[in-house]
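Next comes input-v8.txt, with compact mmCIF, C-alpha atoms.
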```txt
# COMPACT_ATOMS: atom_id res chain seq x y z
CA MET A 1 93.76 -59.99 -134.44
CA ILE A 2 93.12 -63.78 -134.33
CA ARG A 3 95.12 -64.24 -137.55
CA GLY A 4 97.97 -62.21 -136.09
CA VAL A 5 98.04 -64.30 -132.92
CA ARG A 6 98.04 -67.52 -134.92
CA SER A 7 101.00 -66.27 -136.94
CA LEU A 8 103.17 -65.85 -133.85
CA PRO A 9 106.09 -68.33 -133.77
CA ARG A 10 106.09 -71.51 -131.70
CA THR A 11 108.56 -70.02 -129.23
CA VAL A 12 106.16 -67.22 -128.27
CA TRP A 13 103.32 -69.71 -127.83
CA LEU A 14 105.46 -72.03 -125.70
CA VAL A 15 106.82 -69.26 -123.46
CA SER A 16 103.29 -67.88 -123.08
CA LEU A 17 101.97 -71.31 -122.05
CA ILE A 18 104.75 -71.57 -119.45
CA SER A 19 103.76 -68.18 -118.07
CA LEU A 20 100.12 -69.26 -117.90
CA VAL A 21 100.90 -72.34 -115.79
CA ASN A 22 103.48 -70.52 -113.68
CA ASP A 23 101.13 -67.67 -112.86
CA ALA A 24 98.35 -70.10 -112.04
CA ALA A 25 100.66 -71.52 -109.38
CA SER A 26 101.86 -68.09 -108.25
CA ASP A 27 98.37 -66.61 -107.98
CA MET A 28 97.05 -69.49 -105.98
CA ILE A 29 99.28 -67.95 -103.32
CA TYR A 30 99.72 -64.26 -104.09
CA PRO A 31 96.28 -62.94 -102.99
CA LEU A 32 96.50 -64.95 -99.76
CA VAL A 33 99.92 -63.73 -98.58
CA PRO A 34 98.74 -60.42 -97.04
CA ILE A 35 95.83 -62.23 -95.39
CA TYR A 36 98.18 -64.96 -94.13
CA LEU A 37 100.56 -62.34 -92.75
CA ALA A 38 97.79 -60.38 -91.03
CA SER A 39 95.58 -63.19 -89.69
CA VAL A 40 98.04 -66.04 -89.05
CA LEU A 41 101.45 -64.42 -88.53
CA MET A 42 100.10 -61.13 -87.08
CA ALA A 43 102.18 -58.83 -89.33
CA GLY A 44 100.97 -55.53 -90.81
CA PRO A 45 101.59 -53.14 -93.73
CA LYS A 46 105.17 -52.31 -92.69
CA ALA A 47 106.21 -55.97 -92.74
CA LEU A 48 104.42 -56.45 -96.06
CA GLY A 49 106.23 -53.47 -97.57
CA LEU A 50 109.60 -54.72 -96.31
CA ILE A 51 109.02 -58.26 -97.61
CA GLU A 52 107.90 -57.18 -101.07
CA GLY A 53 110.46 -54.40 -101.39
CA ILE A 54 113.48 -56.56 -100.50
CA ALA A 55 112.30 -59.49 -102.62
CA GLU A 56 111.68 -57.36 -105.70
CA ALA A 57 114.88 -55.34 -105.29
CA VAL A 58 117.05 -58.48 -105.25
CA SER A 59 115.13 -59.82 -108.23
CA SER A 60 115.79 -56.64 -110.17
CA VAL A 61 119.56 -56.77 -109.70
CA LEU A 62 119.61 -60.36 -110.90
CA LYS A 63 117.59 -59.39 -113.99
CA LEU A 64 120.42 -57.09 -115.11
CA PHE A 65 123.00 -59.78 -114.30
CA ALA A 66 121.16 -62.46 -116.29
CA GLY A 67 120.42 -60.13 -119.20
CA ALA A 68 124.07 -59.05 -119.57
CA LEU A 69 125.34 -62.64 -119.39
CA ALA A 70 122.74 -63.74 -121.94
CA ASP A 71 124.03 -61.09 -124.36
CA ARG A 72 127.65 -62.10 -123.78
CA SER A 73 127.03 -65.80 -124.33
CA GLY A 74 124.26 -65.54 -126.89
CA LYS A 75 122.27 -68.08 -124.83
CA VAL A 76 118.99 -67.45 -123.02
CA ARG A 77 117.36 -70.87 -122.60
CA ALA A 78 119.35 -72.02 -119.55
CA TRP A 79 118.44 -68.86 -117.63
CA VAL A 80 114.75 -69.40 -118.37
CA ILE A 81 114.86 -72.99 -117.11
CA ALA A 82 116.79 -72.14 -113.92
CA GLY A 83 114.57 -69.18 -113.11
CA TYR A 84 111.29 -71.03 -113.39
CA GLY A 85 112.67 -74.02 -111.49
CA ILE A 86 113.89 -72.05 -108.47
CA ALA A 87 110.74 -69.97 -108.17
CA GLY A 88 108.38 -72.87 -108.69
CA PHE A 89 109.73 -74.93 -105.82
CA ALA A 90 110.44 -72.06 -103.40
CA ARG A 91 106.96 -70.56 -103.60
CA PRO A 92 104.95 -73.36 -101.90
CA LEU A 93 107.29 -73.29 -98.88
CA ILE A 94 105.43 -70.21 -97.63
CA GLY A 95 102.96 -72.71 -96.22
CA LEU A 96 105.65 -73.95 -93.83
CA ALA A 97 106.62 -70.47 -92.55
CA THR A 98 105.96 -69.75 -88.89
CA SER A 99 106.91 -66.05 -88.94
CA TRP A 100 107.08 -63.20 -91.41
CA PHE A 101 110.84 -63.83 -91.65
CA GLY A 102 110.03 -67.21 -93.16
CA VAL A 103 107.68 -65.59 -95.66
CA LEU A 104 110.47 -63.14 -96.53
CA ALA A 105 112.88 -66.04 -97.20
CA CYS A 106 110.40 -67.80 -99.49
CA ARG A 107 109.51 -64.62 -101.37
CA PHE A 108 113.23 -63.89 -101.66
CA ALA A 109 113.88 -67.26 -103.33
CA ASP A 110 110.80 -66.84 -105.55
CA ARG A 111 112.07 -63.46 -106.77
CA VAL A 112 115.59 -64.82 -107.30
CA GLY A 113 114.05 -67.23 -109.79
CA LYS A 114 112.15 -64.42 -111.45
CA GLY A 115 115.32 -62.34 -111.62
CA LEU A 116 117.21 -65.06 -113.43
CA ARG A 117 114.53 -65.68 -116.05
CA SER A 118 112.86 -62.33 -116.80
CA ALA A 119 115.36 -60.47 -119.02
CA PRO A 120 116.41 -63.61 -120.99
CA ARG A 121 112.73 -64.53 -121.48
CA ASP A 122 111.86 -61.04 -122.75
CA ALA A 123 114.88 -61.11 -125.04
CA LEU A 124 113.80 -64.53 -126.32
CA ILE A 125 110.35 -63.19 -127.26
CA SER A 126 111.82 -60.09 -128.91
CA LEU A 127 114.31 -62.13 -130.95
CA SER A 128 111.55 -64.47 -132.15
CA VAL A 129 109.31 -61.88 -133.87
CA GLU A 130 109.49 -59.11 -136.45
CA PRO A 131 109.55 -55.48 -135.22
CA GLY A 132 105.94 -54.90 -136.32
CA GLN A 133 104.78 -57.82 -134.15
CA ARG A 134 106.43 -56.78 -130.89
CA GLY A 135 103.37 -55.22 -129.31
CA LEU A 136 101.25 -58.19 -130.35
CA ALA A 137 103.79 -60.76 -129.10
CA PHE A 138 104.33 -59.13 -125.71
CA GLY A 139 100.62 -58.46 -125.38
CA PHE A 140 99.80 -62.11 -126.07
CA HIS A 141 102.43 -63.25 -123.58
CA ARG A 142 100.97 -60.93 -120.93
CA ALA A 143 97.46 -62.15 -121.78
CA MET A 144 98.43 -65.77 -121.14
CA ASP A 145 100.29 -64.71 -118.00
CA ASN A 146 97.19 -62.93 -116.73
CA LEU A 147 94.96 -65.84 -117.72
CA GLY A 148 97.03 -67.97 -115.38
CA ALA A 149 96.44 -65.30 -112.76
CA VAL A 150 92.71 -65.93 -113.22
CA ILE A 151 92.98 -69.69 -112.91
CA GLY A 152 95.16 -69.52 -109.80
CA PRO A 153 92.84 -67.41 -107.58
CA LEU A 154 89.78 -69.39 -108.73
CA ALA A 155 91.55 -72.61 -107.78
CA ALA A 156 92.51 -71.09 -104.42
CA ALA A 157 88.94 -69.89 -103.81
CA ALA A 158 87.60 -73.37 -104.62
CA LEU A 159 90.08 -74.98 -102.25
CA LEU A 160 89.23 -72.52 -99.46
CA ALA A 161 85.50 -73.08 -100.02
CA ALA A 162 86.13 -76.83 -99.74
CA GLY A 163 87.71 -76.32 -96.34
CA VAL A 164 91.38 -76.56 -97.31
CA GLY A 165 93.53 -74.46 -94.97
CA LEU A 166 95.74 -71.58 -96.08
CA ARG A 167 98.95 -73.53 -95.46
CA ASN A 168 97.80 -76.46 -97.60
CA VAL A 169 96.79 -74.13 -100.46
CA PHE A 170 100.37 -72.86 -100.51
CA LEU A 171 101.80 -76.40 -100.54
CA LEU A 172 99.57 -77.52 -103.43
CA ALA A 173 101.18 -74.89 -105.68
CA ALA A 174 104.10 -77.33 -106.09
CA VAL A 175 102.06 -79.39 -108.59
CA PRO A 176 101.98 -76.82 -111.44
CA ALA A 177 105.64 -76.00 -110.70
CA VAL A 178 106.56 -79.45 -112.03
CA VAL A 179 104.58 -78.82 -115.23
CA VAL A 180 106.34 -75.48 -115.74
CA LEU A 181 109.78 -77.06 -115.46
CA VAL A 182 108.92 -79.76 -118.03
CA LEU A 183 107.65 -77.14 -120.49
CA ALA A 184 110.71 -74.92 -119.93
CA PHE A 185 113.00 -77.70 -121.16
CA ALA A 186 111.09 -77.65 -124.46
CA VAL A 187 111.91 -73.98 -125.19
CA PRO A 188 114.29 -73.72 -128.19
CA GLU A 189 117.34 -71.48 -128.18
CA PRO A 190 116.84 -68.46 -130.51
CA HIS A 191 119.31 -67.92 -133.33
CA ARG A 192 121.67 -64.96 -132.93
CA ALA A 193 125.41 -64.35 -133.05
CA PRO A 194 126.99 -64.32 -129.57
CA ALA A 195 129.15 -61.44 -128.44
CA PRO A 196 132.90 -62.23 -128.19
CA ARG A 197 133.48 -64.25 -125.02
CA LYS A 198 136.62 -62.31 -124.12
CA GLU A 199 134.78 -59.01 -124.16
CA PRO A 200 134.08 -57.70 -120.63
CA LEU A 201 130.52 -57.70 -119.41
CA ARG A 202 128.89 -54.36 -120.21
CA TRP A 203 126.86 -53.24 -117.24
CA THR A 204 126.71 -49.51 -117.88
CA LEU A 205 124.09 -47.51 -119.74
CA GLY A 206 126.70 -45.46 -121.58
CA ASP A 207 126.58 -47.40 -124.87
CA LEU A 208 122.81 -47.74 -124.90
CA PRO A 209 120.82 -45.12 -126.88
CA SER A 210 119.93 -41.86 -125.12
CA PRO A 211 116.16 -42.21 -125.86
CA PHE A 212 116.27 -45.52 -124.00
CA ARG A 213 118.02 -43.89 -121.03
CA ARG A 214 115.42 -41.12 -120.93
CA TYR A 215 112.68 -43.72 -121.10
CA LEU A 216 114.18 -45.37 -118.02
CA VAL A 217 113.85 -42.06 -116.13
CA ALA A 218 110.13 -41.94 -116.93
CA LEU A 219 109.80 -45.59 -115.95
CA ALA A 220 111.59 -44.89 -112.64
CA LEU A 221 109.14 -42.12 -111.76
CA PHE A 222 106.18 -44.35 -112.53
CA THR A 223 107.61 -47.28 -110.56
CA LEU A 224 108.27 -45.14 -107.49
CA GLY A 225 104.50 -44.85 -107.10
CA ASN A 226 103.76 -48.40 -108.25
CA ALA A 227 103.95 -50.32 -104.96
CA SER A 228 103.28 -54.03 -104.69
CA ASN A 229 99.82 -55.11 -105.81
CA MET A 230 99.52 -56.80 -102.44
CA PHE A 231 98.56 -53.39 -101.07
CA LEU A 232 95.48 -53.49 -103.31
CA LEU A 233 94.55 -56.81 -101.74
CA LEU A 234 95.25 -55.45 -98.27
CA ARG A 235 93.03 -52.47 -99.09
CA ALA A 236 90.19 -54.78 -100.12
CA ASN A 237 90.58 -56.76 -96.91
CA GLU A 238 90.65 -53.54 -94.86
CA LEU A 239 87.42 -52.35 -96.51
CA GLY A 240 85.69 -55.53 -95.36
CA ALA A 241 86.19 -58.08 -98.14
CA SER A 242 86.62 -61.67 -96.95
CA ALA A 243 89.51 -63.88 -98.05
CA THR A 244 87.30 -65.54 -100.67
CA ARG A 245 85.96 -62.22 -102.04
CA THR A 246 89.45 -60.73 -102.14
CA THR A 247 90.69 -63.74 -104.08
CA LEU A 248 87.78 -63.43 -106.54
CA MET A 249 88.44 -59.71 -107.00
CA TRP A 250 92.02 -60.56 -107.88
CA ALA A 251 90.73 -63.14 -110.35
CA LEU A 252 88.51 -60.46 -111.94
CA TYR A 253 91.49 -58.10 -112.23
CA SER A 254 93.55 -60.84 -113.88
CA PHE A 255 90.71 -61.86 -116.21
CA ILE A 256 90.26 -58.30 -117.51
CA ALA A 257 94.02 -57.97 -117.96
CA ALA A 258 94.11 -61.30 -119.82
CA VAL A 259 91.28 -60.38 -122.20
CA LEU A 260 92.59 -56.91 -123.03
CA SER A 261 96.39 -57.40 -123.00
CA THR A 262 96.68 -58.61 -126.59
CA PRO A 263 94.48 -55.97 -128.31
CA LEU A 264 95.69 -53.03 -126.21
CA SER A 265 99.38 -53.89 -126.56
CA ALA A 266 98.93 -54.60 -130.27
CA LEU A 267 97.39 -51.14 -130.56
CA SER A 268 100.86 -49.74 -129.89
CA ASP A 269 102.08 -51.37 -133.13
CA ARG A 270 99.78 -48.97 -135.00
CA TRP A 271 99.31 -45.92 -132.77
CA GLY A 272 102.81 -45.73 -131.32
CA ARG A 273 104.26 -46.99 -128.04
CA GLY A 274 104.59 -43.56 -126.43
CA ARG A 275 100.99 -42.58 -127.05
CA VAL A 276 99.50 -45.83 -125.72
CA LEU A 277 101.85 -45.92 -122.73
CA GLY A 278 101.14 -42.30 -121.79
CA VAL A 279 97.39 -42.95 -121.77
CA ALA A 280 97.90 -46.12 -119.71
CA TRP A 281 100.01 -44.36 -117.08
CA PHE A 282 97.45 -41.53 -116.84
CA ALA A 283 94.63 -44.07 -116.40
CA TYR A 284 96.71 -45.78 -113.70
CA ALA A 285 96.71 -42.53 -111.70
CA ILE A 286 92.92 -42.32 -111.94
CA ALA A 287 92.50 -45.97 -110.88
CA TYR A 288 94.78 -45.54 -107.86
CA LEU A 289 92.89 -42.47 -106.67
CA ALA A 290 89.58 -44.30 -107.05
CA ILE A 291 90.76 -47.27 -104.98
CA GLY A 292 92.08 -44.95 -102.28
CA LEU A 293 88.79 -43.03 -102.07
CA LEU A 294 86.45 -46.02 -101.79
CA PRO A 295 84.69 -46.25 -98.41
CA ALA A 296 83.66 -49.91 -98.43
CA ALA A 297 84.10 -53.25 -100.22
CA ASP A 298 80.92 -52.92 -102.28
CA TRP A 299 80.22 -53.07 -106.02
CA ALA A 300 82.47 -50.03 -106.64
CA LEU A 301 85.52 -51.99 -105.47
CA TRP A 302 84.77 -54.71 -108.00
CA ILE A 303 84.61 -52.04 -110.73
CA ALA A 304 87.87 -50.51 -109.48
CA PHE A 305 89.66 -53.87 -109.68
CA ALA A 306 88.29 -54.40 -113.21
CA GLY A 307 89.46 -50.93 -114.26
CA TYR A 308 92.88 -51.56 -112.81
CA GLY A 309 93.03 -54.76 -114.86
CA ALA A 310 92.36 -52.77 -118.06
CA VAL A 311 95.13 -50.33 -117.16
CA THR A 312 97.56 -53.19 -116.52
CA ALA A 313 96.65 -54.75 -119.88
CA ALA A 314 97.57 -51.56 -121.73
CA LEU A 315 100.89 -50.85 -120.05
CA GLU A 316 102.61 -54.22 -119.50
CA GLY A 317 103.17 -55.35 -123.09
CA THR A 318 103.66 -51.81 -124.39
CA GLU A 319 106.44 -51.06 -121.89
CA LYS A 320 108.40 -54.12 -123.00
CA ALA A 321 107.81 -53.65 -126.72
CA LEU A 322 109.15 -50.10 -126.40
CA VAL A 323 112.48 -51.43 -125.09
CA ALA A 324 113.02 -53.45 -128.29
CA ASP A 325 112.16 -50.38 -130.39
CA LEU A 326 114.95 -48.35 -128.80
CA VAL A 327 117.89 -50.81 -128.60
CA ARG A 328 120.01 -52.87 -131.03
CA ARG A 329 119.46 -56.64 -131.18
CA GLU A 330 122.91 -57.49 -129.84
CA ARG A 331 122.24 -55.51 -126.66
CA ILE A 332 118.63 -56.55 -126.19
CA GLY A 333 119.32 -58.78 -123.18
CA SER A 334 121.17 -55.99 -121.37
CA ALA A 335 118.43 -53.54 -122.27
CA TYR A 336 115.76 -55.78 -120.77
CA GLY A 337 118.03 -56.26 -117.79
CA TRP A 338 118.13 -52.48 -117.23
CA TYR A 339 114.39 -52.19 -117.86
CA ASN A 340 113.64 -54.89 -115.29
CA LEU A 341 116.22 -53.45 -112.88
CA VAL A 342 114.58 -50.03 -112.90
CA ALA A 343 111.07 -51.50 -112.82
CA GLY A 344 111.99 -53.69 -109.86
CA ILE A 345 114.70 -52.01 -107.79
CA LEU A 346 112.46 -49.04 -107.06
CA LEU A 347 109.81 -51.38 -105.67
CA LEU A 348 111.82 -51.41 -102.45
CA PRO A 349 111.48 -47.67 -101.76
CA ALA A 350 108.06 -47.69 -103.42
CA SER A 351 106.71 -50.44 -101.17
CA LEU A 352 108.40 -49.05 -98.05
CA LEU A 353 107.09 -45.54 -98.77
CA PHE A 354 103.64 -46.85 -99.49
CA GLY A 355 103.56 -48.87 -96.27
CA TRP A 356 104.84 -45.97 -94.17
CA ILE A 357 102.43 -43.44 -95.69
CA TRP A 358 99.58 -45.92 -95.23
CA SER A 359 100.43 -46.47 -91.56
CA GLY A 360 101.53 -42.94 -90.72
CA VAL A 361 98.97 -40.88 -92.64
CA SER A 362 96.21 -42.84 -94.37
CA PRO A 363 95.59 -45.35 -97.17
CA LEU A 364 94.22 -42.50 -99.34
CA ALA A 365 97.47 -40.54 -98.95
CA ALA A 366 99.46 -43.60 -100.05
CA PHE A 367 97.34 -44.12 -103.17
CA ALA A 368 97.45 -40.37 -103.94
CA PHE A 369 101.27 -40.50 -103.82
CA GLY A 370 101.23 -43.35 -106.35
CA ALA A 371 98.92 -41.37 -108.63
CA ALA A 372 101.18 -38.30 -108.47
CA CYS A 373 104.22 -40.35 -109.50
CA ALA A 374 102.32 -41.77 -112.49
CA LEU A 375 101.32 -38.28 -113.66
CA ALA A 376 104.94 -37.12 -113.35
CA ALA A 377 106.02 -40.08 -115.50
CA VAL A 378 103.48 -39.11 -118.18
CA ALA A 379 104.96 -35.62 -118.31
CA VAL A 380 108.53 -36.93 -118.69
CA LEU A 381 107.48 -39.42 -121.38
CA ARG A 382 105.62 -36.75 -123.33
CA PHE A 383 107.98 -33.80 -123.09
CA TRP A 384 111.46 -35.31 -122.64
CA VAL A 385 111.48 -38.76 -124.23
CA GLY A 386 109.43 -37.38 -127.12
CA PRO A 387 107.79 -39.12 -130.11
CA ILE A 388 108.74 -42.77 -130.59
CA ARG A 389 108.27 -44.64 -133.84
CA ALA A 390 106.63 -48.05 -133.35
CA GLY A 391 108.45 -51.02 -134.80
CA ALA A 392 111.90 -49.48 -134.96
CA ASP A 393 114.86 -51.86 -135.07
```

Whole structure given in structure tokens:
Amino acid sequence: MIRGVRSLPRTVWLVSLISLVNDAASDMIYPLVPIYLASVLMAGPKALGLIEGIAEAVSSVLKLFAGALADRSGKVRAWVIAGYGIAGFARPLIGLATSWFGVLACRFADRVGKGLRSAPRDALISLSVEPGQRGLAFGFHRAMDNLGAVIGPLAAAALLAAGVGLRNVFLLAAVPAVVVLVLAFAVPEPHRAPAPRKEPLRWTLGDLPSPFRRYLVALALFTLGNASNMFLLLRANELGASATRTTLMWALYSFIAAVLSTPLSALSDRWGRGRVLGVAWFAYAIAYLAIGLLPAADWALWIAFAGYGAVTAALEGTEKALVADLVRRERIGSAYGWYNLVAGILLLPASLLFGWIWSGVSPLAAFAFGAACALAAVAVLRFWVGPIRAGAD
């Protein structure tokens, strides 16, 4: 495993380092947003669902736009730089918001940046490695991303313990944003032949392989029950966890995901993407039910967050590696655009549904709905998408 990671190209290492620093900045803020909304701006689950749903939906549309343009031009580097720059400097402005509308505007800009960079970045990683390394490469990238998500909450917890206010914690996230932008300019452009410039942009799924389209249906079902992770943090806070404990639980989740992302995603290079992803989605359903059933913020909640981190580690890199297995190289940007569109656009109804079920019925009912969607996705992946050969090109 260590030898395999060392053999990954410089581009993968550099992009992974950027993700580490970027997520450290993002996760200084992310666990505190629901607390900030509830305790400072006096907004509840419905506002949280609306904010996250709108922000992620807009981001998803832009992911398809950026992916298609990257395929047409044969260039991905500029999209990566622009995306990280916009998000990095919009995110700290949450600390200046005086209403949940202001938080929505900042999250909107943050997700615009993510939308511009995500598909080109995923295409860049895919184009930089051999087919048999895809699970390893995406797993390593997700590991570094999640390691940043450990550093960020720990930094936030230290700042809060030192008496720094919530608003100032948000503003301090501007410092790593500068580092991210400098590193992004060092990313090299991958070598590939551009599509003819006079050819119209291809937005439709019609010329993408049918197994990929069926995979998107399974992904859509899973995503419909995969509401914003902020609801997990809101659940912890509702069960009695303080702001500091909630932040540390998020750090534990991210640490487990960071440690296990590389080996679990690399497992799909040997065992097959479909098999590993099906197990991960099934485990997600179990984790969601467990979090919904917990009565208090005791040791069991810590275990639940750790288990959810293991589930995340198994599914994130595997989902992305599977895209590259199913689509030709010249359409890889568009394919990642569609993948990110489906994975993000449904977060709007997913987050709204989750918030409404939470408020109108109970938190347990909301988590049970998410678990049911995950189980439905497993069935579609197993019986309709069918066997998938790892490392296909």

List the neighbours of Lys63 of chain A out to 7 Å using only C-alpha atoms; skip same-chain residues closer than 2 positions along the sequence, and give me the result as a count of residues only. 13

Tell me which residues come within 8 Å of (100.6, -72.2, -105.0), as a list in words, counting only C-alpha atoms in the file's coordinates. Ala24, Ala25, Ser26, Asp27, Met28, Ile29, Arg91, Pro92, Gly152, Val169, Phe170, Leu171, Leu172, Ala173 and Ala174 of chain A

Spatial neighbours of Trp250 of chain A, 9 Å, all atoms listed in the file, chain gap at least 4 places, as a PDB file with C-alpha atoms, keeping the file's coordinate frame:
```pdb
ATOM      1  CA  ASP A  27      98.370 -66.610-107.980  1.00  0.00           C
ATOM      2  CA  PRO A  31      96.280 -62.940-102.990  1.00  0.00           C
ATOM      3  CA  ALA A 149      96.440 -65.300-112.760  1.00  0.00           C
ATOM      4  CA  VAL A 150      92.710 -65.930-113.220  1.00  0.00           C
ATOM      5  CA  PRO A 153      92.840 -67.410-107.580  1.00  0.00           C
ATOM      6  CA  LEU A 233      94.550 -56.810-101.740  1.00  0.00           C
ATOM      7  CA  ARG A 245      85.960 -62.220-102.040  1.00  0.00           C
ATOM      8  CA  THR A 246      89.450 -60.730-102.140  1.00  0.00           C
ATOM      9  CA  SER A 254      93.550 -60.840-113.880  1.00  0.00           C
ATOM     10  CA  PHE A 255      90.710 -61.860-116.210  1.00  0.00           C
ATOM     11  CA  PHE A 305      89.660 -53.870-109.680  1.00  0.00           C
ATOM     12  CA  ALA A 306      88.290 -54.400-113.210  1.00  0.00           C
TER      13      ALA A 306
END
```

Selection as number ranges by chain: residues within 10 Å of (90.9, -74.1, -99.5), counting all atoms listed in the file: A: 155-170, 244

Under the rule that all atoms listed in the file are counted, which of A:Leu219, A:Val178, A:Ile303, A:Ala143 is the nearest residue to Trp13 of chain A? A:Ala143

For Leu322 of chain A, which residue among A:Leu289, A:Val385, A:Leu294, A:Cys373 is the nearest when counting only C-alpha atoms?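 Among the listed residues, A:Val385 lies closest to Leu322 of chain A.
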
Residues near Arg6 of chain A, cut-off 12 Å, all atoms listed in the file, skip fewer than 6 positions along chain, as a PyMOL selection string: chain A and resi 12-13+133+136-137+140
